[in-house]
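> What follows is run10.pdb; its format and atoms are PDB, C-alpha atoms, pLDDT in the B column.
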```pdb
ATOM      1  CA  MET A   1       0.000   0.000   0.000  1.00 39.00           C
ATOM      2  CA  THR A   2       1.330   3.453  -0.899  1.00 40.00           C
ATOM      3  CA  THR A   3       1.626   5.949   1.934  1.00 39.00           C
ATOM      4  CA  VAL A   4       0.963   9.561   1.020  1.00 48.00           C
ATOM      5  CA  ALA A   5       3.270  11.933   2.867  1.00 57.00           C
ATOM      6  CA  LYS A   6       1.575  14.716   4.798  1.00 82.00           C
ATOM      7  CA  HIS A   7       1.937  18.194   3.403  1.00 91.00           C
ATOM      8  CA  PRO A   8       3.809  20.303   5.997  1.00 94.00           C
ATOM      9  CA  TRP A   9       1.491  23.288   5.518  1.00 97.00           C
ATOM     10  CA  PHE A  10      -1.723  21.216   5.324  1.00 97.00           C
ATOM     11  CA  PRO A  11      -1.286  18.267   7.722  1.00 96.00           C
ATOM     12  CA  PHE A  12      -4.970  17.272   7.532  1.00 95.00           C
ATOM     13  CA  GLY A  13      -5.091  17.449   3.751  1.00 94.00           C
ATOM     14  CA  THR A  14      -6.607  19.845   1.225  1.00 93.00           C
ATOM     15  CA  GLY A  15     -10.040  18.308   0.813  1.00 91.00           C
ATOM     16  CA  PRO A  16      -9.674  16.318  -2.407  1.00 89.00           C
ATOM     17  CA  GLY A  17     -13.085  15.857  -3.986  1.00 88.00           C
ATOM     18  CA  ALA A  18     -14.854  18.341  -1.684  1.00 92.00           C
ATOM     19  CA  PRO A  19     -17.109  20.907  -3.357  1.00 94.00           C
ATOM     20  CA  MET A  20     -15.622  23.631  -1.112  1.00 96.00           C
ATOM     21  CA  ARG A  21     -12.703  23.855   1.303  1.00 96.00           C
ATOM     22  CA  LEU A  22     -11.955  26.250   4.167  1.00 98.00           C
ATOM     23  CA  LEU A  23      -8.317  27.013   4.980  1.00 98.00           C
ATOM     24  CA  THR A  24      -7.963  27.970   8.659  1.00 98.00           C
ATOM     25  CA  LEU A  25      -5.045  29.923  10.136  1.00 98.00           C
ATOM     26  CA  PRO A  26      -4.328  29.653  13.878  1.00 96.00           C
ATOM     27  CA  HIS A  27      -3.924  32.286  16.571  1.00 94.00           C
ATOM     28  CA  ALA A  28      -0.589  33.092  18.220  1.00 91.00           C
ATOM     29  CA  GLY A  29       1.056  30.083  19.839  1.00 89.00           C
ATOM     30  CA  ALA A  30      -1.359  27.614  18.261  1.00 92.00           C
ATOM     31  CA  GLY A  31      -1.138  25.181  15.365  1.00 94.00           C
ATOM     32  CA  ALA A  32      -3.347  23.338  12.927  1.00 96.00           C
ATOM     33  CA  SER A  33      -4.814  21.138  15.668  1.00 95.00           C
ATOM     34  CA  ALA A  34      -6.706  24.150  17.043  1.00 95.00           C
ATOM     35  CA  TYR A  35      -9.196  23.461  14.238  1.00 97.00           C
ATOM     36  CA  ARG A  36      -9.061  19.675  14.292  1.00 95.00           C
ATOM     37  CA  ALA A  37     -12.581  19.345  15.726  1.00 95.00           C
ATOM     38  CA  TRP A  38     -13.867  21.546  12.902  1.00 96.00           C
ATOM     39  CA  THR A  39     -12.669  18.983  10.351  1.00 94.00           C
ATOM     40  CA  ARG A  40     -15.300  16.606  11.785  1.00 93.00           C
ATOM     41  CA  GLU A  41     -18.056  19.091  12.603  1.00 93.00           C
ATOM     42  CA  MET A  42     -18.293  21.423   9.597  1.00 94.00           C
ATOM     43  CA  PRO A  43     -21.623  20.915   7.777  1.00 88.00           C
ATOM     44  CA  GLY A  44     -22.549  21.463   4.158  1.00 81.00           C
ATOM     45  CA  GLY A  45     -19.834  19.518   2.378  1.00 88.00           C
ATOM     46  CA  VAL A  46     -17.136  22.060   3.296  1.00 95.00           C
ATOM     47  CA  ALA A  47     -13.741  20.445   3.945  1.00 96.00           C
ATOM     48  CA  VAL A  48     -11.862  22.226   6.739  1.00 97.00           C
ATOM     49  CA  CYS A  49      -8.133  22.337   5.912  1.00 97.00           C
ATOM     50  CA  PRO A  50      -6.113  23.690   8.857  1.00 98.00           C
ATOM     51  CA  VAL A  51      -2.888  25.489   7.986  1.00 98.00           C
ATOM     52  CA  GLN A  52       0.303  24.631   9.891  1.00 97.00           C
ATOM     53  CA  PRO A  53       2.890  27.438   9.940  1.00 96.00           C
ATOM     54  CA  PRO A  54       6.463  26.481  10.869  1.00 96.00           C
ATOM     55  CA  GLY A  55       7.601  26.213  14.473  1.00 94.00           C
ATOM     56  CA  ARG A  56       4.762  24.221  16.044  1.00 92.00           C
ATOM     57  CA  GLU A  57       3.365  20.707  16.339  1.00 91.00           C
ATOM     58  CA  GLY A  58       4.708  18.586  13.482  1.00 89.00           C
ATOM     59  CA  ARG A  59       6.932  21.494  12.369  1.00 93.00           C
ATOM     60  CA  TYR A  60       8.354  22.199  15.824  1.00 90.00           C
ATOM     61  CA  GLY A  61      11.969  21.965  14.651  1.00 91.00           C
ATOM     62  CA  GLU A  62      11.536  24.691  12.024  1.00 95.00           C
ATOM     63  CA  ALA A  63      12.116  28.369  12.706  1.00 95.00           C
ATOM     64  CA  PRO A  64       8.836  30.297  13.007  1.00 95.00           C
ATOM     65  CA  PHE A  65       8.200  33.426  11.012  1.00 96.00           C
ATOM     66  CA  THR A  66       8.422  36.728  12.870  1.00 95.00           C
ATOM     67  CA  ARG A  67       7.080  38.973  10.086  1.00 96.00           C
ATOM     68  CA  VAL A  68       3.916  38.679   8.052  1.00 97.00           C
ATOM     69  CA  GLY A  69       5.489  39.346   4.641  1.00 97.00           C
ATOM     70  CA  PRO A  70       7.733  36.271   4.358  1.00 97.00           C
ATOM     71  CA  LEU A  71       5.020  34.090   5.896  1.00 98.00           C
ATOM     72  CA  VAL A  72       2.316  35.020   3.415  1.00 98.00           C
ATOM     73  CA  ARG A  73       4.638  34.870   0.425  1.00 98.00           C
ATOM     74  CA  GLU A  74       5.489  31.260   1.204  1.00 98.00           C
ATOM     75  CA  LEU A  75       1.914  30.355   2.085  1.00 98.00           C
ATOM     76  CA  ALA A  76       0.623  31.929  -1.134  1.00 98.00           C
ATOM     77  CA  GLU A  77       3.030  29.741  -3.101  1.00 97.00           C
ATOM     78  CA  GLN A  78       1.805  26.646  -1.244  1.00 97.00           C
ATOM     79  CA  ILE A  79      -1.854  27.522  -1.846  1.00 97.00           C
ATOM     80  CA  THR A  80      -1.178  28.090  -5.545  1.00 97.00           C
ATOM     81  CA  ALA A  81       0.630  24.776  -5.855  1.00 95.00           C
ATOM     82  CA  SER A  82      -1.454  22.535  -3.603  1.00 95.00           C
ATOM     83  CA  VAL A  83      -5.005  23.776  -2.950  1.00 95.00           C
ATOM     84  CA  PRO A  84      -7.684  22.933  -5.510  1.00 91.00           C
ATOM     85  CA  GLY A  85     -10.491  25.443  -5.854  1.00 87.00           C
ATOM     86  CA  PRO A  86     -12.865  26.656  -4.819  1.00 95.00           C
ATOM     87  CA  TYR A  87     -11.766  27.585  -1.320  1.00 97.00           C
ATOM     88  CA  ALA A  88     -12.319  30.177   1.401  1.00 98.00           C
ATOM     89  CA  ILE A  89      -9.925  31.274   4.122  1.00 98.00           C
ATOM     90  CA  LEU A  90     -10.389  32.015   7.827  1.00 98.00           C
ATOM     91  CA  GLY A  91      -8.017  33.301  10.463  1.00 98.00           C
ATOM     92  CA  HIS A  92      -8.288  33.958  14.168  1.00 97.00           C
ATOM     93  CA  SER A  93      -6.367  36.762  15.902  1.00 95.00           C
ATOM     94  CA  THR A  94      -2.869  36.887  14.344  1.00 95.00           C
ATOM     95  CA  GLY A  95      -4.202  34.295  11.905  1.00 97.00           C
ATOM     96  CA  ALA A  96      -6.827  36.792  10.714  1.00 98.00           C
ATOM     97  CA  LEU A  97      -4.100  39.249   9.760  1.00 97.00           C
ATOM     98  CA  CYS A  98      -2.252  36.482   7.904  1.00 98.00           C
ATOM     99  CA  ALA A  99      -5.445  35.363   6.136  1.00 98.00           C
ATOM    100  CA  TYR A 100      -6.057  38.905   4.935  1.00 98.00           C
ATOM    101  CA  GLU A 101      -2.479  39.478   3.820  1.00 98.00           C
ATOM    102  CA  VAL A 102      -2.156  36.134   2.017  1.00 98.00           C
ATOM    103  CA  THR A 103      -5.341  37.008   0.121  1.00 98.00           C
ATOM    104  CA  ARG A 104      -3.739  40.285  -0.962  1.00 98.00           C
ATOM    105  CA  GLU A 105      -0.507  38.470  -1.854  1.00 98.00           C
ATOM    106  CA  LEU A 106      -2.419  36.027  -4.057  1.00 98.00           C
ATOM    107  CA  ARG A 107      -4.036  38.976  -5.821  1.00 97.00           C
ATOM    108  CA  ARG A 108      -0.633  40.564  -6.409  1.00 97.00           C
ATOM    109  CA  THR A 109       0.856  37.350  -7.810  1.00 96.00           C
ATOM    110  CA  GLY A 110      -2.161  36.269  -9.839  1.00 96.00           C
ATOM    111  CA  GLY A 111      -2.720  33.192  -7.697  1.00 96.00           C
ATOM    112  CA  PRO A 112      -6.096  31.511  -7.142  1.00 96.00           C
ATOM    113  CA  ALA A 113      -8.219  33.831  -5.015  1.00 96.00           C
ATOM    114  CA  PRO A 114     -10.416  32.593  -2.170  1.00 98.00           C
ATOM    115  CA  VAL A 115     -14.146  33.065  -2.583  1.00 97.00           C
ATOM    116  CA  HIS A 116     -14.657  34.429   0.937  1.00 98.00           C
ATOM    117  CA  LEU A 117     -12.560  35.783   3.821  1.00 98.00           C
ATOM    118  CA  PHE A 118     -13.578  35.084   7.428  1.00 98.00           C
ATOM    119  CA  VAL A 119     -11.835  37.053  10.194  1.00 98.00           C
ATOM    120  CA  CYS A 120     -12.084  36.628  13.952  1.00 97.00           C
ATOM    121  CA  GLY A 121     -10.467  38.194  17.007  1.00 95.00           C
ATOM    122  CA  ARG A 122      -8.319  40.804  15.242  1.00 96.00           C
ATOM    123  CA  PRO A 123      -9.126  44.504  14.687  1.00 96.00           C
ATOM    124  CA  ALA A 124      -9.299  45.728  11.100  1.00 97.00           C
ATOM    125  CA  PRO A 125      -5.778  45.973   9.644  1.00 97.00           C
ATOM    126  CA  HIS A 126      -5.901  49.681   8.811  1.00 96.00           C
ATOM    127  CA  LEU A 127      -6.750  50.766  12.352  1.00 94.00           C
ATOM    128  CA  PRO A 128      -4.011  52.274  14.535  1.00 84.00           C
ATOM    129  CA  PRO A 129      -2.080  49.493  16.284  1.00 74.00           C
ATOM    130  CA  GLY A 130      -3.061  48.576  19.801  1.00 69.00           C
ATOM    131  CA  ARG A 131      -0.704  47.259  22.432  1.00 61.00           C
ATOM    132  CA  HIS A 132       2.826  46.749  21.090  1.00 66.00           C
ATOM    133  CA  ASP A 133       4.767  45.305  23.993  1.00 73.00           C
ATOM    134  CA  VAL A 134       3.307  41.832  24.474  1.00 73.00           C
ATOM    135  CA  ALA A 135       6.127  39.930  22.756  1.00 68.00           C
ATOM    136  CA  GLY A 136       8.675  41.430  25.147  1.00 75.00           C
ATOM    137  CA  LEU A 137       6.777  40.886  28.387  1.00 79.00           C
ATOM    138  CA  PRO A 138       8.453  39.056  31.267  1.00 83.00           C
ATOM    139  CA  LEU A 139       7.070  35.566  31.790  1.00 83.00           C
ATOM    140  CA  PRO A 140       4.670  36.433  34.679  1.00 83.00           C
ATOM    141  CA  GLU A 141       3.200  39.364  32.747  1.00 85.00           C
ATOM    142  CA  LEU A 142       2.899  37.268  29.595  1.00 82.00           C
ATOM    143  CA  ALA A 143       0.960  34.699  31.636  1.00 83.00           C
ATOM    144  CA  ALA A 144      -1.315  37.460  32.942  1.00 85.00           C
ATOM    145  CA  PHE A 145      -2.000  38.692  29.397  1.00 82.00           C
ATOM    146  CA  LEU A 146      -2.836  35.175  28.169  1.00 82.00           C
ATOM    147  CA  ARG A 147      -5.030  34.636  31.222  1.00 84.00           C
ATOM    148  CA  GLU A 148      -7.025  37.748  30.303  1.00 81.00           C
ATOM    149  CA  LEU A 149      -7.725  36.267  26.869  1.00 79.00           C
ATOM    150  CA  ASN A 150      -9.035  33.109  28.554  1.00 75.00           C
ATOM    151  CA  GLY A 151      -7.815  30.651  25.927  1.00 71.00           C
ATOM    152  CA  THR A 152      -4.776  28.989  27.505  1.00 78.00           C
ATOM    153  CA  PRO A 153      -5.305  26.289  30.171  1.00 75.00           C
ATOM    154  CA  GLU A 154      -4.455  27.412  33.674  1.00 79.00           C
ATOM    155  CA  THR A 155      -2.306  24.293  34.039  1.00 75.00           C
ATOM    156  CA  VAL A 156      -0.007  25.822  31.400  1.00 76.00           C
ATOM    157  CA  LEU A 157      -0.139  29.391  32.699  1.00 78.00           C
ATOM    158  CA  SER A 158       0.760  28.328  36.227  1.00 81.00           C
ATOM    159  CA  ASP A 159       3.606  26.048  35.121  1.00 83.00           C
ATOM    160  CA  ARG A 160       6.679  28.174  34.486  1.00 86.00           C
ATOM    161  CA  ARG A 161       8.465  25.353  32.636  1.00 87.00           C
ATOM    162  CA  LEU A 162       5.585  24.791  30.192  1.00 83.00           C
ATOM    163  CA  LEU A 163       5.148  28.503  29.637  1.00 83.00           C
ATOM    164  CA  GLN A 164       8.858  28.856  28.966  1.00 86.00           C
ATOM    165  CA  LEU A 165       8.620  26.108  26.344  1.00 84.00           C
ATOM    166  CA  MET A 166       5.720  27.931  24.684  1.00 83.00           C
ATOM    167  CA  ARG A 167       7.338  31.339  24.812  1.00 86.00           C
ATOM    168  CA  PRO A 168       9.478  31.227  21.614  1.00 88.00           C
ATOM    169  CA  ILE A 169       6.542  30.460  19.332  1.00 89.00           C
ATOM    170  CA  LEU A 170       4.306  32.926  21.175  1.00 89.00           C
ATOM    171  CA  VAL A 171       6.896  35.685  20.863  1.00 89.00           C
ATOM    172  CA  ALA A 172       7.426  34.942  17.154  1.00 92.00           C
ATOM    173  CA  ASP A 173       3.688  34.918  16.401  1.00 91.00           C
ATOM    174  CA  LEU A 174       3.034  38.064  18.417  1.00 89.00           C
ATOM    175  CA  ALA A 175       5.887  39.786  16.561  1.00 91.00           C
ATOM    176  CA  VAL A 176       4.120  38.971  13.262  1.00 94.00           C
ATOM    177  CA  ASP A 177       1.210  41.066  14.505  1.00 91.00           C
ATOM    178  CA  GLU A 178       3.052  43.745  16.469  1.00 90.00           C
ATOM    179  CA  CYS A 179       5.557  44.562  13.719  1.00 91.00           C
ATOM    180  CA  TYR A 180       2.880  44.785  11.019  1.00 94.00           C
ATOM    181  CA  THR A 181       2.593  47.980   8.997  1.00 94.00           C
ATOM    182  CA  PHE A 182      -0.573  48.452   6.965  1.00 96.00           C
ATOM    183  CA  ARG A 183       0.014  49.452   3.343  1.00 96.00           C
ATOM    184  CA  PRO A 184      -3.096  50.679   1.523  1.00 96.00           C
ATOM    185  CA  GLU A 185      -4.242  48.765  -1.547  1.00 97.00           C
ATOM    186  CA  ALA A 186      -7.569  48.500  -3.341  1.00 97.00           C
ATOM    187  CA  PRO A 187     -10.237  46.727  -1.267  1.00 98.00           C
ATOM    188  CA  LEU A 188     -10.743  43.034  -1.883  1.00 98.00           C
ATOM    189  CA  ASP A 189     -13.435  41.957  -4.340  1.00 97.00           C
ATOM    190  CA  ILE A 190     -14.569  38.990  -2.217  1.00 97.00           C
ATOM    191  CA  PRO A 191     -16.997  39.069   0.736  1.00 97.00           C
ATOM    192  CA  ILE A 192     -15.669  39.418   4.275  1.00 98.00           C
ATOM    193  CA  THR A 193     -17.448  37.956   7.282  1.00 98.00           C
ATOM    194  CA  ALA A 194     -16.238  38.967  10.741  1.00 97.00           C
ATOM    195  CA  PHE A 195     -16.912  37.258  14.078  1.00 97.00           C
ATOM    196  CA  ALA A 196     -16.575  39.320  17.263  1.00 97.00           C
ATOM    197  CA  GLY A 197     -16.852  38.128  20.866  1.00 96.00           C
ATOM    198  CA  ARG A 198     -18.997  40.497  22.891  1.00 95.00           C
ATOM    199  CA  THR A 199     -16.448  40.583  25.718  1.00 94.00           C
ATOM    200  CA  ASP A 200     -13.257  40.262  23.651  1.00 93.00           C
ATOM    201  CA  PRO A 201     -10.733  42.629  25.293  1.00 90.00           C
ATOM    202  CA  VAL A 202      -8.605  43.046  22.149  1.00 90.00           C
ATOM    203  CA  ALA A 203     -11.062  42.848  19.228  1.00 94.00           C
ATOM    204  CA  PRO A 204     -14.562  43.992  20.250  1.00 95.00           C
ATOM    205  CA  ALA A 205     -17.262  44.675  17.705  1.00 96.00           C
ATOM    206  CA  ASP A 206     -16.369  48.344  17.221  1.00 96.00           C
ATOM    207  CA  LEU A 207     -12.868  47.321  16.098  1.00 96.00           C
ATOM    208  CA  MET A 208     -14.089  44.422  13.951  1.00 97.00           C
ATOM    209  CA  ARG A 209     -16.758  46.361  12.053  1.00 97.00           C
ATOM    210  CA  PRO A 210     -14.171  48.501  10.158  1.00 98.00           C
ATOM    211  CA  TRP A 211     -13.144  45.351   8.251  1.00 98.00           C
ATOM    212  CA  GLN A 212     -16.077  46.425   6.073  1.00 98.00           C
ATOM    213  CA  SER A 213     -13.877  48.998   4.343  1.00 97.00           C
ATOM    214  CA  GLN A 214     -11.551  46.240   3.096  1.00 98.00           C
ATOM    215  CA  THR A 215     -14.078  44.771   0.651  1.00 98.00           C
ATOM    216  CA  THR A 216     -16.299  45.891  -2.211  1.00 97.00           C
ATOM    217  CA  ALA A 217     -18.197  42.586  -2.279  1.00 96.00           C
ATOM    218  CA  GLY A 218     -20.251  42.690   0.905  1.00 95.00           C
ATOM    219  CA  PHE A 219     -19.630  42.449   4.632  1.00 97.00           C
ATOM    220  CA  ARG A 220     -21.326  40.743   7.545  1.00 96.00           C
ATOM    221  CA  LEU A 221     -20.559  40.999  11.253  1.00 96.00           C
ATOM    222  CA  HIS A 222     -21.640  38.267  13.666  1.00 96.00           C
ATOM    223  CA  LEU A 223     -21.639  38.985  17.405  1.00 96.00           C
ATOM    224  CA  LEU A 224     -20.831  35.984  19.588  1.00 96.00           C
ATOM    225  CA  GLU A 225     -21.467  35.447  23.256  1.00 95.00           C
ATOM    226  CA  GLY A 226     -18.004  35.121  24.769  1.00 94.00           C
ATOM    227  CA  GLY A 227     -14.547  36.638  24.631  1.00 94.00           C
ATOM    228  CA  HIS A 228     -11.458  36.365  22.460  1.00 93.00           C
ATOM    229  CA  PHE A 229     -11.928  32.645  21.765  1.00 93.00           C
ATOM    230  CA  ALA A 230     -15.686  32.776  21.222  1.00 95.00           C
ATOM    231  CA  ILE A 231     -15.420  31.139  17.795  1.00 96.00           C
ATOM    232  CA  PHE A 232     -14.330  27.936  19.523  1.00 95.00           C
ATOM    233  CA  GLY A 233     -16.784  28.176  22.404  1.00 93.00           C
ATOM    234  CA  ARG A 234     -19.656  28.740  19.965  1.00 94.00           C
ATOM    235  CA  ALA A 235     -18.284  26.478  17.246  1.00 95.00           C
ATOM    236  CA  GLY A 236     -21.611  24.891  16.254  1.00 93.00           C
ATOM    237  CA  PRO A 237     -23.395  28.107  15.257  1.00 92.00           C
ATOM    238  CA  VAL A 238     -20.180  29.568  13.832  1.00 96.00           C
ATOM    239  CA  LEU A 239     -19.644  26.595  11.539  1.00 96.00           C
ATOM    240  CA  ALA A 240     -23.281  26.667  10.459  1.00 93.00           C
ATOM    241  CA  GLY A 241     -22.915  30.366   9.633  1.00 93.00           C
ATOM    242  CA  ILE A 242     -19.760  29.744   7.621  1.00 96.00           C
ATOM    243  CA  ALA A 243     -21.358  26.877   5.707  1.00 94.00           C
ATOM    244  CA  ALA A 244     -24.419  29.009   4.932  1.00 93.00           C
ATOM    245  CA  ALA A 245     -22.268  31.893   3.691  1.00 94.00           C
ATOM    246  CA  LEU A 246     -20.292  29.575   1.422  1.00 94.00           C
ATOM    247  CA  ASP A 247     -23.472  28.007   0.125  1.00 88.00           C
ATOM    248  CA  GLY A 248     -24.805  31.437  -0.792  1.00 71.00           C
ATOM    249  CA  ARG A 249     -27.874  31.067   1.427  1.00 51.00           C
ATOM    250  CA  THR A 250     -26.937  33.978   3.712  1.00 48.00           C
ATOM    251  CA  PRO A 251     -27.014  37.485   2.247  1.00 45.00           C
ATOM    252  CA  VAL A 252     -23.771  39.348   2.953  1.00 47.00           C
ATOM    253  CA  ARG A 253     -24.628  42.535   4.784  1.00 49.00           C
ATOM    254  CA  ASP A 254     -23.765  44.355   7.973  1.00 43.00           C
ATOM    255  CA  GLY A 255     -25.842  44.284  11.131  1.00 42.00           C
ATOM    256  CA  ALA A 256     -26.298  40.531  11.373  1.00 45.00           C
ATOM    257  CA  PRO A 257     -28.145  39.264  14.438  1.00 45.00           C
ATOM    258  CA  PRO A 258     -26.019  37.753  17.214  1.00 46.00           C
ATOM    259  CA  ILE A 259     -25.032  34.100  17.201  1.00 47.00           C
ATOM    260  CA  SER A 260     -25.627  32.987  20.750  1.00 41.00           C
TER     261      SER A 260
END
```
Can you present the structure in this file as structure tokens?


Amino acid sequence: MTTVAKHPWFPFGTGPGAPMRLLTLPHAGAGASAYRAWTREMPGGVAVCPVQPPGREGRYGEAPFTRVGPLVRELAEQITASVPGPYAILGHSTGALCAYEVTRELRRTGGPAPVHLFVCGRPAPHLPPGRHDVAGLPLPELAAFLRELNGTPETVLSDRRLLQLMRPILVADLAVDECYTFRPEAPLDIPITAFAGRTDPVAPADLMRPWQSQTTAGFRLHLLEGGHFAIFGRAGPVLAGIAAALDGRTPVRDGAPPIS
């Protein structure tokens, strides 16, 4: 029997034969497995294809990217070479910035464009930057920041050794976001759907709604009960909303009712 080697960027595959696929980019410190449950739970024939950047999980021995430009250039090449269409792309937190920038990179290079961009947990890219010192925080203060976001197990946050092991990839991923400089280009010509946790301390609805200016093809904002990681806590309704948007059954507009 022939064994097919896993693709380093797409360890769960690229949805061969699926009518639609959804590439998912992880938040800072996380890897492709953050979306593993989605690969089983997504309705509507959409194949969830988590993206694995270097430096984590099966790519732990590789150096992580610390700037968005080199990351999206390599990812755009991998999408062009390996992802059959049609596909959409989603990113959470730092992953949302990368999803947006890889979409722009594909437009610049003439690569295959996604049909829809989903963003979660990251303010619109053209807004003035928020906090810019997280990557350099001492370990106790880094733990306090992660605790505020309520997405890292307390068993990790209270274990200095585990947190120290996590720190290099966290610092690299946070640098991708903190060192980002927005460069104006024409808005995208694909729809953007944003998900905002009502109590998210870093990306509340008023900072997610300005994503609307980054598209000419329609925008929709979903409010979720929860904080920074609400898309995982409310995964069922979120996945149903994504599937409906990709199926064309949900009109793309602002002011969507909350998903609760």

> Between A:Ala30, A:Pro153, A:Pro19, A:Glu41, which is the closest to Leu239 of chain A once you count only C-alpha atoms?

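Going through A:Ala30, A:Pro153, A:Pro19, A:Glu41 one by one, the smallest distance to Leu239 of chain A is for A:Glu41.
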
> Residues near Ser33 of chain A, anyone? I mean within 10 Å using all atoms listed in the file, not counting same-chain ones fewer than 5 positions away, as a ChimeraX atom specification.

/A:11-12,26,38-39,50-52,57

> Suppose a student applies the PyMOL selection byres ((chain A and resi 230) around 10) to this structure; what residues should they get, written as a list in words?

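Those residues are Cys120, Gly121, Asn150, Gly151, Phe195, Ala196, Gly197, Arg198, Thr199, Asp200, Leu223, Leu224, Glu225, Gly226, Gly227, His228, Phe229, Ile231, Phe232, Gly233, Arg234, Ala235, Val238 and Ser260 of chain A.
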
> What does the distance between atom CA of His126 of chain A and atom CA of Phe182 of chain A come to in Å, to one decimal place?

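Atom-to-atom, atom CA of His126 of chain A to atom CA of Phe182 of chain A, that is 5.8 Å.
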
> Do a neighbour search on Tyr100 of chain A at 9 Å with all atoms listed in the file, toss out local chain neighbours closer than 6 positions, and write the hits as a PDB file with C-alpha atoms, keeping the file's coordinate frame.


```
ATOM      1  CA  ILE A  89      -9.925  31.274   4.122  1.00 98.00           C
ATOM      2  CA  LEU A  90     -10.389  32.015   7.827  1.00 98.00           C
ATOM      3  CA  GLY A  91      -8.017  33.301  10.463  1.00 98.00           C
ATOM      4  CA  LEU A 117     -12.560  35.783   3.821  1.00 98.00           C
ATOM      5  CA  PHE A 118     -13.578  35.084   7.428  1.00 98.00           C
ATOM      6  CA  VAL A 119     -11.835  37.053  10.194  1.00 98.00           C
ATOM      7  CA  PRO A 125      -5.778  45.973   9.644  1.00 97.00           C
TER       8      PRO A 125
END
```

> On this file, the PyMOL selection byres ((chain A and resi 189) around 10) gives some set of residues; write that set as a PDB file with C-alpha atoms, keeping the file's coordinate frame.


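Saved as result.pdb:
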```pdb
ATOM      1  CA  ARG A 107      -4.036  38.976  -5.821  1.00 97.00           C
ATOM      2  CA  ALA A 113      -8.219  33.831  -5.015  1.00 96.00           C
ATOM      3  CA  VAL A 115     -14.146  33.065  -2.583  1.00 97.00           C
ATOM      4  CA  HIS A 116     -14.657  34.429   0.937  1.00 98.00           C
ATOM      5  CA  ALA A 186      -7.569  48.500  -3.341  1.00 97.00           C
ATOM      6  CA  PRO A 187     -10.237  46.727  -1.267  1.00 98.00           C
ATOM      7  CA  LEU A 188     -10.743  43.034  -1.883  1.00 98.00           C
ATOM      8  CA  ILE A 190     -14.569  38.990  -2.217  1.00 97.00           C
ATOM      9  CA  PRO A 191     -16.997  39.069   0.736  1.00 97.00           C
ATOM     10  CA  ILE A 192     -15.669  39.418   4.275  1.00 98.00           C
ATOM     11  CA  GLN A 214     -11.551  46.240   3.096  1.00 98.00           C
ATOM     12  CA  THR A 215     -14.078  44.771   0.651  1.00 98.00           C
ATOM     13  CA  THR A 216     -16.299  45.891  -2.211  1.00 97.00           C
ATOM     14  CA  ALA A 217     -18.197  42.586  -2.279  1.00 96.00           C
ATOM     15  CA  GLY A 218     -20.251  42.690   0.905  1.00 95.00           C
TER      16      GLY A 218
END
```

> Give the centre and edge lengths of an axis-aligned box, in Å to one decimal, that holds all listed atoms of segment 115-120 of chain A with 4 Å on each side, as AutoDock Vina command-line options.


```
--center_x -13.2 --center_y 35.1 --center_z 5.7 --size_x 10.8 --size_y 12.0 --size_z 24.5
```

> Give one line per residue of segment 149-176 of chain A that approaches segment 53-56 of chain A to at most 10 Å, naming the two atoms of the closest pair and their distance in Å to one decimal, counting all atoms listed in the file; sort by chain then ascending residue number and deliver it as a Markdown table.


```
| residue | atom | partner | partner_atom | distance |
| --- | --- | --- | --- | --- |
| A:Met166 | CA | A:Arg56 | CA | 9.5 |
| A:Pro168 | CA | A:Gly55 | CA | 8.9 |
| A:Ile169 | CA | A:Gly55 | CA | 6.5 |
| A:Ala172 | CA | A:Gly55 | CA | 9.1 |
| A:Asp173 | CA | A:Gly55 | CA | 9.7 |
```
